[in-house]
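Have a look at target-v8.txt below; it lists compact mmCIF, C-alpha atoms.
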# COMPACT_ATOMS: atom_id res chain seq x y z
CA MET A 1 14.90 15.03 3.42
CA TYR A 2 11.22 14.26 2.71
CA GLN A 3 11.74 10.49 2.67
CA LYS A 4 13.80 10.54 5.88
CA LEU A 5 11.13 12.52 7.76
CA LYS A 6 8.42 10.16 6.50
CA ILE A 7 10.38 7.11 7.68
CA ILE A 8 10.87 8.67 11.13
CA ILE A 9 7.14 9.38 11.48
CA LYS A 10 6.18 5.81 10.56
CA PHE A 11 8.88 4.36 12.83
CA ILE A 12 7.98 6.20 16.03
CA LEU A 13 4.17 6.31 15.74
CA PRO A 14 1.45 3.59 15.53
CA GLN A 15 0.15 3.09 11.99
CA GLY A 16 -3.24 4.78 12.45
CA ILE A 17 -1.73 7.87 14.08
CA ALA A 18 1.17 7.89 11.61
CA ASN A 19 -1.27 8.06 8.69
CA ARG A 20 -3.06 11.06 10.18
CA VAL A 21 0.22 12.79 11.02
CA GLU A 22 1.53 12.06 7.53
CA ASN A 23 -1.42 13.90 5.95
CA LEU A 24 -0.78 16.93 8.16
CA PHE A 25 2.95 16.69 7.48
CA ARG A 26 2.32 16.76 3.72
CA LYS A 27 0.09 19.82 3.98
CA LEU A 28 2.75 21.71 5.90
CA TYR A 29 5.67 20.45 3.82
CA SER A 30 3.91 21.38 0.56
CA LEU A 31 4.00 25.05 1.61
CA PHE A 32 7.72 25.03 0.78
CA TYR A 33 6.78 24.18 -2.84
CA SER A 34 4.38 27.04 -3.52
CA GLY A 35 4.36 28.09 -7.16
CA ASN A 36 2.82 27.46 -10.58
CA LYS A 37 5.42 25.58 -12.59
CA VAL A 38 4.04 22.05 -12.14
CA TYR A 39 0.58 20.57 -11.61
CA CYS A 40 -0.75 17.42 -9.92
CA THR A 41 -3.67 15.87 -11.80
CA ILE A 42 -4.95 14.13 -8.65
CA CYS A 43 -5.03 16.81 -5.94
CA GLN A 44 -5.32 19.49 -8.66
CA LYS A 45 -2.75 21.79 -7.09
CA HIS A 46 0.13 23.78 -8.55
CA PHE A 47 3.67 23.82 -7.13
CA SER A 48 7.07 25.32 -7.87
CA LYS A 49 8.36 21.78 -8.46
CA PHE A 50 7.80 18.16 -7.48
CA ILE A 51 9.88 16.37 -4.85
CA VAL A 52 12.55 14.33 -6.66
CA LEU A 53 13.08 10.91 -5.07
CA GLU A 54 16.31 8.90 -5.12
CA ASN A 55 15.10 6.83 -8.10
CA GLY A 56 14.23 9.97 -10.07
CA ASP A 57 10.46 9.75 -9.61
CA GLN A 58 8.72 13.07 -8.98
CA LEU A 59 6.45 13.04 -5.93
CA CYS A 60 3.57 15.46 -5.38
CA PRO A 61 4.27 17.43 -2.16
CA ALA A 62 0.59 17.52 -1.19
CA CYS A 63 -0.98 14.12 -2.00
CA GLY A 64 2.13 11.96 -2.41
CA SER A 65 1.28 10.84 -5.94
CA LEU A 66 3.98 9.43 -8.21
CA PRO A 67 4.15 9.96 -11.99
CA ARG A 68 2.35 6.67 -12.72
CA HIS A 69 -0.48 7.64 -10.35
CA ARG A 70 -1.01 11.01 -12.02
CA ARG A 71 -1.09 9.36 -15.44
CA LEU A 72 -3.45 6.65 -14.18
CA TRP A 73 -5.86 9.26 -12.87
CA LEU A 74 -6.14 10.80 -16.33
CA ILE A 75 -6.68 7.36 -17.90
CA ILE A 76 -9.39 6.45 -15.38
CA ASN A 77 -11.26 9.59 -16.31
CA GLU A 78 -10.79 8.97 -20.04
CA GLU A 79 -11.64 5.26 -20.08
CA ASN A 80 -14.06 4.72 -17.26
CA LYS A 81 -17.79 5.32 -17.36
CA ILE A 82 -19.43 3.93 -14.21
CA ASN A 83 -23.19 3.42 -14.59
CA ASN A 84 -25.88 2.34 -12.14
CA ASP A 85 -25.08 -1.40 -12.15
CA ASP A 86 -21.31 -1.07 -12.49
CA VAL A 87 -18.72 -1.80 -9.81
CA MET A 88 -15.00 -1.00 -9.85
CA LEU A 89 -12.25 -3.11 -8.21
CA HIS A 90 -8.83 -1.67 -7.40
CA PHE A 91 -5.92 -3.99 -6.51
CA SER A 92 -3.27 -2.70 -4.08
CA PRO A 93 -4.76 0.79 -4.33
CA GLU A 94 -2.71 3.94 -4.16
CA LYS A 95 -3.87 6.11 -1.26
CA CYS A 96 -3.88 9.32 -3.29
CA ILE A 97 -6.23 7.85 -5.92
CA THR A 98 -8.35 5.81 -3.49
CA GLN A 99 -9.45 8.92 -1.62
CA LYS A 100 -10.71 10.50 -4.85
CA LEU A 101 -12.47 7.39 -6.14
CA LYS A 102 -14.23 6.74 -2.83
CA LYS A 103 -15.72 10.22 -2.96
CA LEU A 104 -16.80 9.79 -6.57
CA TYR A 105 -18.25 6.26 -6.51
CA GLU A 106 -18.80 5.44 -2.83
CA GLU A 107 -20.09 1.82 -2.55
CA LYS A 108 -19.43 1.16 -6.25
CA TYR A 109 -15.69 1.37 -5.62
CA HIS A 110 -14.08 -1.72 -4.03
CA THR A 111 -10.47 -2.02 -2.89
CA THR A 112 -8.39 -5.12 -2.22
CA ASP A 113 -4.92 -5.96 -0.98
CA TYR A 114 -3.54 -9.37 -0.07
CA ASP A 115 -1.91 -7.85 3.02
CA THR A 116 -4.53 -8.06 5.78
CA LYS A 117 -2.93 -5.11 7.60
CA THR A 118 -4.00 -2.70 4.87
CA ASN A 119 -7.24 -0.77 5.14
CA THR A 120 -9.03 -2.19 2.08
CA LYS A 121 -12.56 -3.57 1.66
CA PHE A 122 -11.27 -7.03 0.66
CA HIS A 123 -8.06 -9.04 0.95
CA PHE A 124 -8.34 -11.20 -2.15
CA ASP A 125 -5.75 -13.72 -3.25
CA ILE A 126 -5.42 -12.63 -6.87
CA THR A 127 -4.84 -16.25 -7.94
CA ASN A 128 -8.09 -17.37 -6.27
CA ILE A 129 -10.39 -14.36 -6.04
CA ALA A 130 -13.39 -14.80 -3.76
CA ALA A 131 -15.84 -13.09 -6.14
CA LYS A 132 -18.44 -14.39 -8.56
CA GLU A 133 -17.85 -14.58 -12.29
CA ALA A 134 -18.49 -11.31 -14.17
CA THR A 135 -18.74 -9.17 -11.02
CA TYR A 136 -16.77 -6.07 -12.01
CA THR A 137 -17.10 -3.66 -14.91
CA TYR A 138 -13.79 -1.89 -14.39
CA MET A 139 -10.61 -2.95 -12.61
CA ILE A 140 -7.24 -1.41 -11.85
CA CYS A 141 -4.24 -3.73 -11.49
CA TYR A 142 -1.22 -1.44 -11.31
CA HIS A 143 2.21 -2.80 -10.42
CA VAL A 144 0.80 -6.05 -9.04
CA LEU A 145 1.48 -8.90 -11.50
CA GLU A 146 5.26 -8.64 -11.19
CA HIS A 147 4.81 -9.71 -7.54
CA ILE A 148 2.78 -12.84 -8.35
CA GLU A 149 4.57 -16.15 -8.90
CA ASN A 150 1.62 -17.82 -10.69
CA ASP A 151 0.80 -14.82 -12.85
CA MET A 152 -1.08 -16.84 -15.50
CA GLN A 153 -3.55 -18.06 -12.88
CA ALA A 154 -3.96 -14.46 -11.69
CA MET A 155 -4.74 -13.34 -15.25
CA LYS A 156 -7.34 -16.10 -15.60
CA GLU A 157 -8.99 -14.92 -12.40
CA LEU A 158 -9.00 -11.30 -13.57
CA TYR A 159 -10.69 -12.40 -16.78
CA ARG A 160 -13.23 -14.52 -14.88
CA ILE A 161 -14.48 -11.78 -12.55
CA LEU A 162 -14.59 -9.09 -15.27
CA LYS A 163 -17.97 -8.48 -16.92
CA PRO A 164 -18.29 -8.88 -20.71
CA GLN A 165 -17.13 -5.64 -22.36
CA GLY A 166 -15.56 -4.70 -19.04
CA LYS A 167 -12.08 -3.18 -18.88
CA ILE A 168 -8.98 -3.57 -16.73
CA VAL A 169 -6.05 -1.15 -16.65
CA ILE A 170 -2.72 -2.91 -16.13
CA GLN A 171 0.85 -1.71 -15.77
CA THR A 172 4.12 -3.26 -14.59
CA PRO A 173 7.79 -2.36 -14.96
CA PHE A 174 9.09 -3.37 -18.41
CA LYS A 175 12.33 -4.36 -20.10
CA GLU A 176 13.39 -4.84 -23.70
CA GLY A 177 13.44 -8.33 -25.22
CA ALA A 178 11.75 -11.29 -23.52
CA ILE A 179 10.20 -11.68 -20.07
CA TYR A 180 12.87 -12.42 -17.49
CA GLU A 181 11.97 -14.80 -14.65
CA ASN A 182 14.01 -17.32 -12.72
CA ALA A 183 12.38 -19.76 -10.28
CA GLU A 184 15.71 -20.27 -8.48
CA VAL A 185 15.82 -16.62 -7.40
CA LYS A 186 14.15 -16.70 -3.97
CA THR A 187 15.82 -14.37 -1.47
CA LYS A 188 15.09 -10.68 -1.19
CA GLN A 189 18.70 -9.87 -1.91
CA ASP A 190 18.73 -11.95 -5.09
CA ARG A 191 15.35 -10.63 -6.25
CA LEU A 192 16.60 -7.09 -5.83
CA LYS A 193 19.64 -7.95 -7.92
CA HIS A 194 17.75 -9.82 -10.65
CA PHE A 195 14.38 -8.03 -10.82
CA GLY A 196 15.11 -4.56 -9.44
CA GLN A 197 12.98 -4.89 -6.30
CA ASP A 198 13.16 -7.40 -3.46
CA ASP A 199 9.50 -8.45 -3.73
CA HIS A 200 9.39 -8.82 -7.53
CA VAL A 201 9.50 -12.25 -9.18
CA ARG A 202 9.98 -11.24 -12.84
CA ILE A 203 10.44 -8.37 -15.26
CA TYR A 204 7.95 -8.32 -18.12
CA SER A 205 8.53 -7.18 -21.66
CA VAL A 206 5.66 -5.33 -23.30
CA ASP A 207 5.18 -8.01 -25.93
CA GLY A 208 5.54 -10.82 -23.41
CA LEU A 209 2.87 -9.47 -21.08
CA LYS A 210 0.56 -8.76 -24.01
CA LYS A 211 0.80 -12.37 -25.21
CA ARG A 212 0.10 -13.76 -21.75
CA LEU A 213 -2.96 -11.57 -21.33
CA GLU A 214 -4.25 -12.47 -24.77
CA SER A 215 -3.74 -16.18 -24.06
CA VAL A 216 -6.37 -16.08 -21.29
CA GLY A 217 -8.89 -14.26 -23.50
CA PHE A 218 -8.31 -10.53 -23.14
CA ASN A 219 -8.41 -8.12 -26.05
CA VAL A 220 -5.36 -5.94 -25.36
CA ALA A 221 -4.79 -2.34 -26.43
CA LEU A 222 -1.63 -0.42 -25.58
CA LYS A 223 -1.36 3.21 -24.57
CA GLN A 224 2.20 4.41 -25.11
CA TYR A 225 3.39 7.81 -23.97
CA GLU A 226 6.57 9.64 -24.92
CA ASN A 227 8.51 12.46 -23.28
CA GLU A 228 6.59 15.29 -21.67
CA LYS A 229 8.06 18.50 -23.09
CA ASN A 230 7.86 20.87 -20.12
CA ASN A 231 7.54 18.47 -17.13
CA PHE A 232 4.32 20.25 -16.13
CA TYR A 233 2.71 17.02 -14.84
CA GLY A 234 5.94 15.32 -13.78
CA PHE A 235 5.23 12.23 -15.87
CA LYS A 236 7.83 9.57 -16.64
CA LYS A 237 9.72 10.00 -19.90
CA GLN A 238 8.13 6.90 -21.41
CA GLU A 239 5.21 4.79 -20.23
CA THR A 240 3.26 1.82 -21.56
CA ILE A 241 -0.15 1.04 -20.13
CA PHE A 242 -2.44 -1.86 -21.02
CA ILE A 243 -6.19 -1.49 -21.49
CA CYS A 244 -7.63 -5.01 -21.52
CA GLU A 245 -11.21 -5.77 -22.47
CA LYS A 246 -13.29 -8.92 -22.10
Now that the file is in, can you turn its structure into structure tokens?
Amino acid sequence: MYQKLKIIIKFILPQGIANRVENLFRKLYSLFYSGNKVYCTICQKHFSKFIVLENGDQLCPACGSLPRHRRLWLIINEENKINNDDVMLHFSPEKCITQKLKKLYEEKYHTTDYDTKTNTKFHFDITNIAAKEATYTYMICYHVLEHIENDMQAMKELYRILKPQGKIVIQTPFKEGAIYENAEVKTKQDRLKHFGQDDHVRIYSVDGLKKRLESVGFNVALKQYENEKNNFYGFKKQETIFICEK
């Protein structure tokens, strides 16, 4: 129901108006989820439950955050200490988190998306980033690398623009065993079949991604999370997140 209404709004209205209407729609729709059984770490609101999507993800009725966004928000607050000379860069930013970070850090928070239609500060090509060496103290690269054909070049660029002792938070979908990629898989239909999404070009393994990141110079630490007992935050059953330092 929620997803169908959202699709209709975006289909019949121009993008700018659709975004404003979507925010109002969420506020009204969230009234049907009043309660105290679950909690969103981003908008800091309680609900009777989260909206369960077709893939099983639990969506916040008010801000639209997914489980990985709510977990990321906690990690940002745990890991990140922005000082006077620090600048943060967020690749393909999630709207629900972007709004919070803009309020917190203002001009110290930069956003980028390769798609020029998105409302971000920059539109960097992650394999050839138009930024000076050692520009950023903290970066967020969530569910991006699995879209990039030349991922090793992207990792080199991330390392280059990160300041010494700087950190980058990285996550992708994972599988057991080795990384799976196939250069002959080109069409959206085939990519959906092979990689689980029509704009993905590989599926990483945890160990495989770790080795690739280490090969370009990063010191890599893993944060691994198990089942949440009471589903209070609506997190995924298991998550692995990379904290990479230069």
Excluding stretch 127-130 of chain A and its own-chain neighbours fewer than 2 positions away, which residues fall within 8 Å of it when counting all atoms listed in the file? Please give them as an NGL selection string. :A and (124-125 or 132 or 150-151 or 153-155 or 157)
Close residues, A:Ala178 itself excluded, 7 Å, only C-alpha atoms, min 2 positions apart in chain, as a ChimeraX atom specification: /A:176,180,205,208
Non-local contacts of A:Glu94 (9 Å; only C-alpha atoms; under 4 positions in same chain excluded) as a ChimeraX atom specification: /A:65,69,90,98-99
Coordinates of box centre and edge lengths for stretch 75-86 of chain A, 4 Å on every side, axis-aligned, as lines of an AutoDock Vina configuration file:
center_x = -16.3
center_y = 4.1
center_z = -16.1
size_x = 27.2
size_y = 19.0
size_z = 15.9
Neighbours of stretch 21-36 of chain A within 7 Å (all atoms listed in the file; same-chain residues fewer than 5 positions away dropped), as a short mmCIF file (atom, residue, chain, number, x, y, z; two decimals) with C-alpha atoms, in the frame of the given file?
data_model
loop_
_atom_site.label_atom_id
_atom_site.label_comp_id
_atom_site.auth_asym_id
_atom_site.auth_seq_id
_atom_site.Cartn_x
_atom_site.Cartn_y
_atom_site.Cartn_z
CA HIS A 46 0.13 23.78 -8.55
CA PHE A 47 3.67 23.82 -7.13
CA SER A 48 7.07 25.32 -7.87
CA LYS A 49 8.36 21.78 -8.46
CA PRO A 61 4.27 17.43 -2.16
CA ALA A 62 0.59 17.52 -1.19
#
Identify, on the basis of all atoms listed in the file, every residue whose closest approach to A:Thr172 does not exceed 10 Å; exclude the query and any residue fewer than 2 positions from it along the same chain; express the result as an mmCIF file with C-alpha atoms, in the coordinates of the input.
data_model
loop_
_atom_site.group_PDB
_atom_site.id
_atom_site.type_symbol
_atom_site.label_atom_id
_atom_site.label_comp_id
_atom_site.auth_asym_id
_atom_site.auth_seq_id
_atom_site.Cartn_x
_atom_site.Cartn_y
_atom_site.Cartn_z
ATOM 1 C CA CYS A 141 -4.240 -3.730 -11.490
ATOM 2 C CA TYR A 142 -1.220 -1.440 -11.310
ATOM 3 C CA HIS A 143 2.210 -2.800 -10.420
ATOM 4 C CA VAL A 144 0.800 -6.050 -9.040
ATOM 5 C CA LEU A 145 1.480 -8.900 -11.500
ATOM 6 C CA GLU A 146 5.260 -8.640 -11.190
ATOM 7 C CA HIS A 147 4.810 -9.710 -7.540
ATOM 8 C CA ILE A 170 -2.720 -2.910 -16.130
ATOM 9 C CA PHE A 174 9.090 -3.370 -18.410
ATOM 10 C CA LYS A 175 12.330 -4.360 -20.100
ATOM 11 C CA ILE A 203 10.440 -8.370 -15.260
ATOM 12 C CA TYR A 204 7.950 -8.320 -18.120
ATOM 13 C CA SER A 205 8.530 -7.180 -21.660
ATOM 14 C CA VAL A 206 5.660 -5.330 -23.300
ATOM 15 C CA LEU A 209 2.870 -9.470 -21.080
ATOM 16 C CA GLU A 239 5.210 4.790 -20.230
ATOM 17 C CA THR A 240 3.260 1.820 -21.560
ATOM 18 C CA ILE A 241 -0.150 1.040 -20.130
ATOM 19 C CA PHE A 242 -2.440 -1.860 -21.020
#
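Of the listed residues A:Lys156, A:Lys167, A:Lys229, A:Lys193, the one whose atoms come nearest to A:Cys244 is A:Lys167, with distances taken using all atoms listed in the file.
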Need the neighbours of (7.7, 10.7, -20.1): which residues are at most 7 Å away, counting all atoms listed in the file, as a ChimeraX atom specification? /A:225-228,235-239
Out of A:Gln189, A:Ile243, A:Thr111, A:Arg212, which residue has the shortest atom-to-atom distance to A:Ile76 when counting all atoms listed in the file? A:Ile243
Among listed residues A:Phe50, A:Gln197, A:Ile42, A:Tyr136, nearest A:Arg71 (using all atoms listed in the file): A:Ile42
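Computed from the coordinates, the atom CA of A:Glu149 to atom CA of A:Glu214 distance equals 18.5 Å.
For the choices A:Ile179, A:Leu53, A:Met88, A:Leu101, the atom-to-atom distance to A:Ala134 is smallest for A:Met88 when using all atoms listed in the file.
Residues lying within 7 Å of (-7.7, -0.1, -11.8). Counted over all atoms listed in the file, they are Leu89, His90, Phe91, Tyr138, Met139, Ile140, Cys141, Tyr142, Ile168 and Val169 of chain A.
Compared by their closest atoms to A:Lys45, and using all atoms listed in the file, the residues A:Glu245, A:Phe232, A:Glu106, A:Gly196 rank with A:Phe232 nearest.
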Would you mind telling me which residue in A:Ile161, A:Asp198, A:Asp190, A:Lys246 lies nearest to A:Ala221 when using all atoms listed in the file? A:Lys246
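Atom CA of A:Lys223 sits 12.1 Å away from atom CA of A:Lys210.
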Give me stretch 43-90 of chain A from this structure - C-alpha atoms, as a PDB file, in the first residue's frame.
ATOM      1  CA  CYS A  43      13.783  10.911  13.385  1.00  0.00           C
ATOM      2  CA  GLN A  44      13.700   9.811  17.052  1.00  0.00           C
ATOM      3  CA  LYS A  45      10.038   8.837  16.989  1.00  0.00           C
ATOM      4  CA  HIS A  46       8.166   5.833  18.364  1.00  0.00           C
ATOM      5  CA  PHE A  47       5.621   3.788  16.394  1.00  0.00           C
ATOM      6  CA  SER A  48       3.414   0.737  16.807  1.00  0.00           C
ATOM      7  CA  LYS A  49       5.477  -0.968  14.090  1.00  0.00           C
ATOM      8  CA  PHE A  50       7.586  -0.261  11.014  1.00  0.00           C
ATOM      9  CA  ILE A  51       6.267  -0.586   7.465  1.00  0.00           C
ATOM     10  CA  VAL A  52       7.368  -3.983   6.124  1.00  0.00           C
ATOM     11  CA  LEU A  53       8.463  -3.805   2.477  1.00  0.00           C
ATOM     12  CA  GLU A  54       8.274  -6.630  -0.062  1.00  0.00           C
ATOM     13  CA  ASN A  55      11.932  -7.560   0.530  1.00  0.00           C
ATOM     14  CA  GLY A  56      11.400  -7.713   4.301  1.00  0.00           C
ATOM     15  CA  ASP A  57      13.092  -4.406   5.120  1.00  0.00           C
ATOM     16  CA  GLN A  58      11.379  -2.332   7.797  1.00  0.00           C
ATOM     17  CA  LEU A  59      10.747   1.267   6.764  1.00  0.00           C
ATOM     18  CA  CYS A  60      10.213   4.141   9.196  1.00  0.00           C
ATOM     19  CA  PRO A  61       6.725   5.609   8.554  1.00  0.00           C
ATOM     20  CA  ALA A  62       7.883   9.167   9.281  1.00  0.00           C
ATOM     21  CA  CYS A  63      11.350   9.662   7.749  1.00  0.00           C
ATOM     22  CA  GLY A  64      11.524   6.713   5.351  1.00  0.00           C
ATOM     23  CA  SER A  65      14.701   5.257   6.845  1.00  0.00           C
ATOM     24  CA  LEU A  66      15.635   1.629   6.219  1.00  0.00           C
ATOM     25  CA  PRO A  67      17.363  -0.645   8.759  1.00  0.00           C
ATOM     26  CA  ARG A  68      20.831   0.095   7.330  1.00  0.00           C
ATOM     27  CA  HIS A  69      20.194   3.848   7.618  1.00  0.00           C
ATOM     28  CA  ARG A  70      19.172   3.615  11.271  1.00  0.00           C
ATOM     29  CA  ARG A  71      22.267   1.548  12.051  1.00  0.00           C
ATOM     30  CA  LEU A  72      24.476   3.952  10.091  1.00  0.00           C
ATOM     31  CA  TRP A  73      23.151   6.894  12.071  1.00  0.00           C
ATOM     32  CA  LEU A  74      24.254   5.256  15.320  1.00  0.00           C
ATOM     33  CA  ILE A  75      27.689   4.484  13.853  1.00  0.00           C
ATOM     34  CA  ILE A  76      28.163   8.055  12.614  1.00  0.00           C
ATOM     35  CA  ASN A  77      27.509   9.318  16.111  1.00  0.00           C
ATOM     36  CA  GLU A  78      29.829   6.718  17.662  1.00  0.00           C
ATOM     37  CA  GLU A  79      32.729   7.053  15.212  1.00  0.00           C
ATOM     38  CA  ASN A  80      32.634  10.599  13.974  1.00  0.00           C
ATOM     39  CA  LYS A  81      34.091  13.620  15.719  1.00  0.00           C
ATOM     40  CA  ILE A  82      34.002  16.646  13.399  1.00  0.00           C
ATOM     41  CA  ASN A  83      36.361  19.432  14.492  1.00  0.00           C
ATOM     42  CA  ASN A  84      36.973  22.934  13.160  1.00  0.00           C
ATOM     43  CA  ASP A  85      39.076  21.943  10.125  1.00  0.00           C
ATOM     44  CA  ASP A  86      37.236  18.718   9.308  1.00  0.00           C
ATOM     45  CA  VAL A  87      34.936  18.106   6.347  1.00  0.00           C
ATOM     46  CA  MET A  88      32.634  15.131   5.731  1.00  0.00           C
ATOM     47  CA  LEU A  89      31.772  13.663   2.298  1.00  0.00           C
ATOM     48  CA  HIS A  90      28.703  11.484   1.763  1.00  0.00           C
TER      49      HIS A  90
END
